$ cat structure_32.txt   # compact mmCIF, C-alpha atoms and all ligand atoms
# COMPACT_ATOMS: atom_id res chain seq x y z
CA MET L 1121 -5.55 79.12 -75.23
CA THR L 1122 -4.63 75.45 -76.21
CA ASN L 1123 -5.78 72.23 -74.50
CA ASN L 1124 -2.27 71.77 -73.04
CA GLU L 1125 -2.64 74.98 -71.29
CA ASN L 1126 -5.94 74.04 -69.80
CA PRO L 1127 -5.48 74.22 -65.98
CA TRP L 1128 -8.20 71.60 -65.46
CA ASN L 1129 -6.10 69.07 -67.33
CA LEU L 1130 -3.16 69.73 -65.01
CA LEU L 1131 -5.37 69.45 -62.00
CA PHE L 1132 -6.76 66.18 -63.30
CA VAL L 1133 -3.24 64.77 -63.76
CA ILE L 1134 -2.25 65.82 -60.24
CA CYS L 1135 -5.40 64.28 -58.77
CA TYR L 1136 -4.85 61.12 -60.73
CA LEU L 1137 -1.25 60.86 -59.49
CA LEU L 1138 -2.42 61.45 -55.92
CA PHE L 1139 -5.04 58.77 -56.39
CA VAL L 1140 -2.41 56.31 -57.68
CA ILE L 1141 -0.10 57.13 -54.76
CA CYS L 1142 -2.95 56.65 -52.29
CA TYR L 1143 -3.92 53.44 -53.95
CA LEU L 1144 -0.32 52.17 -53.76
CA LEU L 1145 -0.14 53.18 -50.10
CA PHE L 1146 -3.40 51.36 -49.52
CA VAL L 1147 -2.06 48.23 -51.24
CA ILE L 1148 1.15 48.39 -49.18
CA CYS L 1149 -0.82 48.84 -45.97
CA TYR L 1150 -3.09 45.97 -46.95
CA LEU L 1151 -0.08 43.74 -47.64
CA LEU L 1152 1.42 44.74 -44.28
CA PHE L 1153 -1.90 43.97 -42.67
CA VAL L 1154 -2.01 40.54 -44.33
CA ILE L 1155 1.59 39.82 -43.24
CA TRP L 1156 0.83 40.98 -39.72
CA ASN L 1157 -2.23 38.79 -39.61
CA LEU L 1158 -0.24 35.83 -40.81
CA LEU L 1159 2.33 36.48 -38.09
CA PHE L 1160 -0.46 36.93 -35.58
CA GLY L 1161 -2.08 33.72 -36.80
CA ILE L 1162 1.17 31.82 -36.39
CA CYS L 1163 1.64 33.27 -32.91
CA TYR L 1164 -1.94 32.41 -32.07
CA LEU L 1165 -1.47 28.83 -33.25
CA GLU L 1166 1.70 28.61 -31.17
CA PHE L 1167 -0.25 29.96 -28.21
CA VAL L 1168 -2.95 27.33 -28.72
CA ILE L 1169 -0.35 24.55 -29.05
CA TRP L 1170 1.44 25.68 -25.89
CA ASN L 1171 -1.85 25.77 -24.02
CA LEU L 1172 -2.71 22.28 -25.22
CA LEU L 1173 0.72 21.01 -24.12
CA PHE L 1174 0.37 22.76 -20.77
CA GLY L 1175 -3.11 21.30 -20.35
CA ILE L 1176 -1.86 17.80 -21.12
CA CYS L 1177 1.04 18.21 -18.65
CA TYR L 1178 -1.34 19.56 -16.02
CA LEU L 1179 -3.72 16.62 -16.45
CA GLU L 1180 -0.80 14.17 -16.23
CA PHE L 1181 0.42 15.92 -13.07
CA ILE L 1182 -3.05 15.70 -11.52
CA LYS L 1183 -3.21 12.01 -12.43
CA ILE L 1184 0.21 11.27 -10.89
CA TYR L 1185 -0.64 13.35 -7.82
CA ASN L 1186 -3.94 11.53 -7.32
CA ASN L 1187 -2.30 8.13 -7.81
CA LYS L 1188 0.36 9.06 -5.26
CA LYS L 1189 -2.33 10.23 -2.88
CA VAL L 1190 -4.20 6.94 -3.32
CA GLU L 1191 -0.94 5.01 -2.78
CA ASN L 1192 -0.27 6.97 0.38
CA THR L 1193 -3.75 6.71 1.78
CA MET L 1194 -4.29 3.10 0.74
CA ALA L 1195 -0.83 1.90 1.67
CA PHE L 1196 -1.97 -1.45 2.96
CA LYS L 1197 -3.77 -4.08 0.92
CA LEU L 1198 -5.36 -7.28 2.08
CA PRO L 1199 -2.90 -10.00 1.00
CA ASP L 1200 -4.31 -12.93 -0.94
CA LEU L 1201 -4.39 -16.25 0.85
CA PRO L 1202 -1.50 -18.39 -0.46
CA TYR L 1203 -3.89 -21.38 -0.68
CA ALA L 1204 -7.60 -22.12 -1.07
CA HIS L 1205 -10.01 -21.45 1.78
CA ASN L 1206 -10.56 -25.18 2.26
CA ALA L 1207 -6.89 -26.15 1.86
CA LEU L 1208 -6.21 -26.41 5.60
CA GLU L 1209 -9.12 -28.74 6.31
CA PRO L 1210 -9.75 -30.69 8.46
CA HIS L 1211 -7.55 -28.69 10.83
CA ILE L 1212 -9.02 -25.27 9.98
CA ASP L 1213 -12.37 -25.28 8.18
CA GLU L 1214 -13.28 -23.44 4.99
CA LYS L 1215 -16.02 -21.25 6.48
CA THR L 1216 -13.72 -20.02 9.25
CA MET L 1217 -11.03 -19.17 6.71
CA GLN L 1218 -13.51 -17.29 4.51
CA ILE L 1219 -14.79 -15.17 7.39
CA HIS L 1220 -11.40 -14.79 9.07
CA HIS L 1221 -9.62 -13.60 5.93
CA GLY L 1222 -12.44 -11.93 4.00
CA LYS L 1223 -14.17 -10.18 6.91
CA HIS L 1224 -11.87 -9.88 9.93
CA HIS L 1225 -8.52 -9.32 8.20
CA ASN L 1226 -10.15 -7.20 5.52
CA GLY L 1227 -11.77 -5.10 8.25
CA TYR L 1228 -8.47 -4.52 10.05
CA THR L 1229 -6.86 -3.51 6.75
CA ASN L 1230 -9.57 -0.99 5.84
CA LYS L 1231 -9.70 0.49 9.33
CA LEU L 1232 -5.92 0.80 9.48
CA ASN L 1233 -5.95 2.72 6.19
CA ALA L 1234 -8.73 4.96 7.49
CA ALA L 1235 -6.83 5.55 10.75
CA ILE L 1236 -3.62 6.69 9.02
CA GLU L 1237 -5.19 8.55 6.07
CA GLY L 1238 -3.78 12.06 5.81
CA SER L 1239 -1.42 11.57 8.75
CA ASP L 1240 2.37 11.34 8.72
CA LEU L 1241 2.01 7.55 9.10
CA ALA L 1242 0.69 7.24 5.53
CA GLY L 1243 3.44 5.69 3.41
CA LYS L 1244 5.35 4.21 6.35
CA SER L 1245 5.92 0.46 6.63
CA ILE L 1246 3.75 -1.47 9.05
CA GLU L 1247 6.86 -2.42 11.03
CA ASP L 1248 7.76 1.27 11.45
CA ILE L 1249 4.24 2.10 12.56
CA LEU L 1250 4.08 -0.74 15.09
CA SER L 1251 7.53 -0.05 16.55
CA GLY L 1252 6.29 3.38 17.72
CA VAL L 1253 2.68 2.38 18.37
CA SER L 1254 2.62 3.88 21.89
CA LYS L 1255 2.58 7.32 20.22
CA HIS L 1256 -0.41 6.51 18.01
CA SER L 1257 -4.15 6.08 18.47
CA GLY L 1258 -5.91 2.95 19.67
CA GLY L 1259 -7.23 2.51 16.14
CA VAL L 1260 -3.71 2.35 14.72
CA ARG L 1261 -2.62 -0.07 17.48
CA ASN L 1262 -5.58 -2.46 17.09
CA ASN L 1263 -5.94 -2.38 13.34
CA GLY L 1264 -2.21 -2.11 12.56
CA GLY L 1265 -1.62 -5.13 14.77
CA GLY L 1266 -4.56 -6.94 13.20
CA TYR L 1267 -3.24 -6.22 9.72
CA TYR L 1268 0.31 -7.37 10.49
CA ASN L 1269 -0.58 -10.39 12.65
CA HIS L 1270 -2.97 -11.95 10.17
CA SER L 1271 -0.64 -11.28 7.21
CA LEU L 1272 2.02 -13.30 9.06
CA PHE L 1273 -0.49 -15.93 10.20
CA TRP L 1274 -1.58 -16.93 6.66
CA SER L 1275 2.01 -17.21 5.51
CA VAL L 1276 3.15 -19.56 8.30
CA MET L 1277 0.48 -22.13 7.48
CA SER L 1278 0.35 -24.51 4.54
CA PRO L 1279 -1.70 -27.53 3.47
CA LYS L 1280 1.70 -29.25 3.17
CA GLY L 1281 2.74 -28.05 6.63
CA GLY L 1282 3.36 -29.88 9.85
CA GLY L 1283 6.28 -32.04 10.89
CA THR L 1284 9.34 -30.60 12.57
CA PRO L 1285 11.76 -27.86 11.53
CA SER L 1286 15.29 -28.75 10.47
CA GLY L 1287 18.53 -26.87 9.75
CA ASP L 1288 19.42 -23.70 11.64
CA LEU L 1289 15.90 -23.21 12.94
CA GLY L 1290 15.69 -26.78 14.23
CA ASP L 1291 19.03 -26.32 16.00
CA ALA L 1292 17.96 -22.98 17.49
CA ILE L 1293 14.69 -24.49 18.77
CA ASN L 1294 16.56 -27.38 20.38
CA LYS L 1295 18.97 -24.91 21.96
CA ALA L 1296 16.24 -22.65 23.32
CA PHE L 1297 13.69 -25.26 24.42
CA GLY L 1298 15.73 -28.46 24.83
CA SER L 1299 13.83 -30.24 22.04
CA PHE L 1300 11.02 -29.77 19.57
CA ASP L 1301 8.61 -31.24 22.13
CA GLY L 1302 9.88 -28.66 24.61
CA PHE L 1303 9.05 -25.91 22.13
CA LYS L 1304 5.66 -27.45 21.39
CA GLU L 1305 4.86 -27.50 25.09
CA ALA L 1306 5.94 -23.88 25.63
CA PHE L 1307 4.12 -22.57 22.54
CA GLY L 1308 0.98 -24.61 23.28
CA THR L 1309 0.89 -23.35 26.86
CA ALA L 1310 1.27 -19.73 25.72
CA ALA L 1311 -1.61 -20.19 23.25
CA LYS L 1312 -3.91 -22.02 25.65
CA THR L 1313 -3.34 -19.76 28.64
CA ARG L 1314 -3.65 -16.39 26.89
CA PHE L 1315 -6.71 -15.00 28.64
CA GLY L 1316 -9.40 -13.73 26.30
CA SER L 1317 -8.28 -12.83 22.80
CA GLY L 1318 -4.69 -12.66 21.64
CA TRP L 1319 -1.77 -14.37 20.01
CA ALA L 1320 1.01 -16.85 20.79
CA TRP L 1321 4.38 -16.14 19.23
CA LEU L 1322 7.77 -17.61 18.49
CA ILE L 1323 10.11 -14.65 18.30
CA VAL L 1324 13.74 -13.85 17.58
CA LYS L 1325 15.03 -11.56 20.32
CA ALA L 1326 17.57 -8.78 19.85
CA ASP L 1327 20.43 -11.13 20.79
CA GLY L 1328 19.33 -13.62 18.10
CA SER L 1329 17.93 -16.21 20.53
CA LEU L 1330 14.43 -17.67 20.31
CA ALA L 1331 11.63 -17.19 22.82
CA VAL L 1332 7.93 -17.99 23.13
CA THR L 1333 5.61 -15.23 24.25
CA SER L 1334 2.01 -14.12 23.94
CA THR L 1335 0.22 -10.80 23.54
CA PRO L 1336 -3.36 -9.66 24.19
CA ASN L 1337 -5.84 -8.48 21.57
CA GLN L 1338 -4.00 -7.52 18.35
CA ASP L 1339 -0.74 -6.53 20.02
CA ASN L 1340 2.47 -8.20 18.92
CA PRO L 1341 6.15 -8.30 19.95
CA LEU L 1342 7.14 -5.66 17.37
CA MET L 1343 5.26 -3.04 19.38
CA ASP L 1344 7.14 -0.79 21.75
CA ILE L 1345 4.46 -1.52 24.37
CA ALA L 1346 5.06 -5.32 24.27
CA GLU L 1347 6.31 -6.92 27.49
CA GLU L 1348 8.71 -9.12 25.52
CA LYS L 1349 9.97 -7.64 22.28
CA GLY L 1350 11.36 -9.38 19.23
CA THR L 1351 10.70 -10.28 15.61
CA PRO L 1352 7.79 -12.71 15.24
CA ILE L 1353 8.56 -15.70 13.00
CA LEU L 1354 5.53 -17.82 13.95
CA GLY L 1355 2.18 -16.66 15.30
CA LEU L 1356 -1.05 -18.35 16.30
CA ASP L 1357 -4.33 -16.44 16.47
CA VAL L 1358 -6.29 -17.55 19.56
CA TRP L 1359 -9.22 -15.18 19.11
CA GLU L 1360 -12.46 -17.17 19.12
CA HIS L 1361 -13.14 -15.99 15.55
CA ALA L 1362 -10.16 -18.16 14.53
CA TYR L 1363 -11.60 -21.46 15.72
CA TYR L 1364 -15.09 -21.25 17.24
CA LEU L 1365 -17.08 -22.57 14.24
CA ASN L 1366 -15.13 -25.84 14.22
CA TYR L 1367 -13.87 -26.19 17.78
CA GLN L 1368 -16.36 -24.10 19.82
CA ASN L 1369 -14.75 -23.68 23.26
CA ARG L 1370 -12.08 -26.33 22.69
CA ARG L 1371 -9.14 -24.02 22.17
CA PRO L 1372 -6.58 -26.73 23.11
CA ASP L 1373 -7.83 -28.91 20.20
CA TYR L 1374 -7.37 -25.99 17.81
CA VAL L 1375 -3.88 -25.32 19.17
CA GLY L 1376 -2.97 -28.98 18.73
CA ALA L 1377 -4.33 -29.00 15.16
CA PHE L 1378 -2.29 -25.90 14.28
CA PHE L 1379 0.92 -27.95 14.51
CA ASN L 1380 -0.33 -30.01 11.54
CA VAL L 1381 -0.35 -26.97 9.24
CA ILE L 1382 2.74 -24.99 10.32
CA ASN L 1383 4.78 -24.03 7.26
CA TRP L 1384 8.28 -24.59 8.69
CA ASP L 1385 9.94 -23.54 5.42
CA GLU L 1386 8.40 -20.08 5.77
CA VAL L 1387 9.22 -19.92 9.48
CA SER L 1388 12.86 -20.87 8.66
CA LYS L 1389 13.04 -18.06 6.09
CA ARG L 1390 11.75 -15.59 8.64
CA TYR L 1391 14.23 -16.89 11.19
CA ALA L 1392 17.15 -16.47 8.75
CA ALA L 1393 16.06 -12.91 7.98
CA ALA L 1394 15.55 -11.94 11.63
CA LYS L 1395 18.52 -13.44 13.47
FE FE L 1401 -7.94 -13.29 13.73
$ encode --input "structure_32.txt" --output "structure tokens"
Amino acid sequence: MTNNENPWNLLFVICYLLFVICYLLFVICYLLFVIWNLLFGICYLEFVIWNLLFGICYLEFIKIYNNKKVENTMAFKLPDLPYAHNALEPHIDEKTMQIHHGKHHNGYTNKLNAAIEGSDLAGKSIEDILSGVSKHSGGVRNNGGGYYNHSLFWSVMSPKGGGTPSGDLGDAINKAFGSFDGFKEAFGTAAKTRFGSGWAWLIVKADGSLAVTSTPNQDNPLMDIAEEKGTPILGLDVWEHAYYLNYQNRRPDYVGAFFNVINWDEVSKRYAAAK
């Protein structure tokens, strides 16, 4: 028997071939595994990137939502005074202006925001709120009025104020009250005779004519509960907190001094917008 005929040699060759085939299969599987892992890695990276993008979008959404919520719940801000606290002296003193604006008006503003927070009034204009005030709480009525009234009050005064109005407003005042002195008398009487705390107003009525009226507490002629309704273009605060430090119980002196600081340019603008 020769070596070539040795059955062990044949068996060895077959085993070797099987080993090579298995090894090749193993290499192919390994390559497939590597490719699969690469694909999986790419997919995983994509997944991570998508999650990051989603997270960023979500955070932005939360930020916008919270900002909107803050805007809605803090709709009203205390307006800055358009002049220094001492600018209206000697007619209205610095200390009164500091307390009146920084404490009283600020208090009305904060309490109004608290009263409307989370309600369907959040986001509405103050005029809209006041026009339907009979449907709302006492807190909305008092603090909404206080917010609106004082915002108007600061704007219709000026250290360069006083004198008499001219143009369309001057003509309308003469028509409604006979003369500027007639207006001054009517407005002064409304301010001096308002019992307790309240406001005197010059308003534009629905027919475009002017009238003088007064309201108690923080009510105003925009409110649906007002006896005489109209758009206020001039208002005078006759609460004691507006004058007591300088004038004590002398309300008529305070009312007289107010005419020295009336900003007729602003009142004329309000008249033009309202008539
Ligand atoms: Fe006031």
$ residues_near_ligand --input "structure_32.txt" --ligand "ligand FE 1401 (chain L)" --cutoff "7 Å" --atoms "all atoms listed in the file" --output "list in words"
His1220, His1224, His1225, His1270, Asp1357, Trp1359, His1361 and Ala1362 of chain L
$ closest_atom_pairs --input "structure_32.txt" --of "region 1200-1300 of chain L" --to "region 1305-1309 of chain L" --cutoff "12 Å" --atoms "only C-alpha atoms" --output "Markdown table"
| residue | atom | partner | partner_atom | distance |
| --- | --- | --- | --- | --- |
| L:Ile1293 | CA | L:Ala1306 | CA | 11.1 |
| L:Ala1296 | CA | L:Ala1306 | CA | 10.6 |
| L:Phe1297 | CA | L:Ala1306 | CA | 8.0 |
| L:Gly1298 | CA | L:Ala1306 | CA | 10.8 |
| L:Ser1299 | CA | L:Glu1305 | CA | 9.9 |
| L:Phe1300 | CA | L:Glu1305 | CA | 8.6 |
$ residues_around --input "structure_32.txt" --residues "region 1274-1290 of chain L" --least-positions-apart "5" --cutoff "6 Å" --atoms "all atoms listed in the file" --output "ChimeraX atom specification"
/L:1207-1208,1379-1384,1386,1388
$ closest_residue --input "structure_32.txt" --among "L:Gly1350, L:Pro1372, L:Gly1328, L:Gly1222" --to "Leu1198 (chain L)" --atoms "only C-alpha atoms"
L:Gly1222
$ residues_around --input "structure_32.txt" --residues "Ile1236 (chain L)" --least-positions-apart "4" --cutoff "8 Å" --atoms "only C-alpha atoms" --output "MDAnalysis selection string"
chainID L and resid 1193 1232 1240:1242 1260
$ closest_residue --input "structure_32.txt" --among "L:Met1217, L:Ile1353, L:Met1343, L:Leu1201" --to "Asn1262 (chain L)" --atoms "only C-alpha atoms"
L:Met1343
$ closest_residue --input "structure_32.txt" --among "L:Ala1393, L:Ile1176, L:Gly1265, L:Ala1311" --to "Val1324 (chain L)" --atoms "all atoms listed in the file"
L:Ala1393
$ atom_distance --input "structure_32.txt" --atom1 "CA of Gln1218 (chain L)" --atom2 "CA of Asn1206 (chain L)"
8.7 Å
$ atom_distance --input "structure_32.txt" --atom1 "CA of Asn1269 (chain L)" --atom2 "CA of Gln1338 (chain L)"
7.2 Å
$ closest_residue --input "structure_32.txt" --among "L:Thr1335, L:Ser1271, L:Ser1257, L:Asn1226" --to "Ser1239 (chain L)" --atoms "only C-alpha atoms"
L:Ser1257
$ closest_residue --input "structure_32.txt" --among "L:Lys1295, L:Lys1349, L:Lys1183, L:Arg1371" --to "Ala1310 (chain L)" --atoms "only C-alpha atoms"
L:Arg1371
$ axis_aligned_box --input "structure_32.txt" --around "region 1277-1283 of chain L" --padding-each-side "4 Å" --output "AutoDock Vina command-line options"
--center_x 2.3 --center_y -27.1 --center_z 7.0 --size_x 16.0 --size_y 17.9 --size_z 15.7
$ atom_distance --input "structure_32.txt" --atom1 "CA of Ser1329 (chain L)" --atom2 "CA of Lys1395 (chain L)"
7.6 Å
$ closest_residue --input "structure_32.txt" --among "L:Val1375, L:Ala1346, L:Ala1392, L:Val1140" --to "Ser1251 (chain L)" --atoms "only C-alpha atoms"
L:Ala1346
$ residues_around --input "structure_32.txt" --residues "Thr1333 (chain L)" --least-positions-apart "4" --cutoff "8 Å" --atoms "only C-alpha atoms" --output "ChimeraX atom specification"
/L:1307,1310,1320-1323,1348
$ residues_around --input "structure_32.txt" --residues "Glu1360 (chain L)" --least-positions-apart "4" --cutoff "10 Å" --atoms "all atoms listed in the file" --output "ChimeraX atom specification"
/L:1316-1318,1364-1365,1367-1371
$ build_atoms --input "structure_32.txt" --residues "region 1320-1331 of chain L" --atoms "N, CA and C atoms" --output "PDB file, in the frame of the given file"
ATOM      1  N   ALA L1320      -0.216 -16.211  20.296  1.00  0.00           N
ATOM      2  CA  ALA L1320       1.010 -16.850  20.790  1.00  0.00           C
ATOM      3  C   ALA L1320       2.075 -16.675  19.716  1.00  0.00           C
ATOM      4  N   TRP L1321       3.319 -16.472  20.183  1.00  0.00           N
ATOM      5  CA  TRP L1321       4.380 -16.140  19.230  1.00  0.00           C
ATOM      6  C   TRP L1321       5.659 -16.945  19.492  1.00  0.00           C
ATOM      7  N   LEU L1322       6.368 -17.224  18.408  1.00  0.00           N
ATOM      8  CA  LEU L1322       7.770 -17.610  18.490  1.00  0.00           C
ATOM      9  C   LEU L1322       8.531 -16.418  17.916  1.00  0.00           C
ATOM     10  N   ILE L1323       9.434 -15.878  18.728  1.00  0.00           N
ATOM     11  CA  ILE L1323      10.110 -14.650  18.300  1.00  0.00           C
ATOM     12  C   ILE L1323      11.637 -14.822  18.313  1.00  0.00           C
ATOM     13  N   VAL L1324      12.288 -13.969  17.531  1.00  0.00           N
ATOM     14  CA  VAL L1324      13.740 -13.850  17.580  1.00  0.00           C
ATOM     15  C   VAL L1324      14.043 -12.565  18.363  1.00  0.00           C
ATOM     16  N   LYS L1325      14.729 -12.725  19.474  1.00  0.00           N
ATOM     17  CA  LYS L1325      15.030 -11.560  20.320  1.00  0.00           C
ATOM     18  C   LYS L1325      16.228 -10.773  19.743  1.00  0.00           C
ATOM     19  N   ALA L1326      16.502  -9.647  20.361  1.00  0.00           N
ATOM     20  CA  ALA L1326      17.570  -8.780  19.850  1.00  0.00           C
ATOM     21  C   ALA L1326      18.921  -9.475  19.827  1.00  0.00           C
ATOM     22  N   ASP L1327      19.140 -10.419  20.755  1.00  0.00           N
ATOM     23  CA  ASP L1327      20.430 -11.130  20.790  1.00  0.00           C
ATOM     24  C   ASP L1327      20.456 -12.336  19.844  1.00  0.00           C
ATOM     25  N   GLY L1328      19.379 -12.533  19.076  1.00  0.00           N
ATOM     26  CA  GLY L1328      19.330 -13.620  18.100  1.00  0.00           C
ATOM     27  C   GLY L1328      18.759 -14.917  18.642  1.00  0.00           C
ATOM     28  N   SER L1329      18.473 -14.974  19.948  1.00  0.00           N
ATOM     29  CA  SER L1329      17.930 -16.210  20.530  1.00  0.00           C
ATOM     30  C   SER L1329      16.414 -16.271  20.315  1.00  0.00           C
ATOM     31  N   LEU L1330      15.868 -17.475  20.480  1.00  0.00           N
ATOM     32  CA  LEU L1330      14.430 -17.670  20.310  1.00  0.00           C
ATOM     33  C   LEU L1330      13.707 -17.604  21.651  1.00  0.00           C
ATOM     34  N   ALA L1331      12.458 -17.195  21.611  1.00  0.00           N
ATOM     35  CA  ALA L1331      11.630 -17.190  22.820  1.00  0.00           C
ATOM     36  C   ALA L1331      10.173 -17.362  22.409  1.00  0.00           C
TER      37      ALA L1331
END
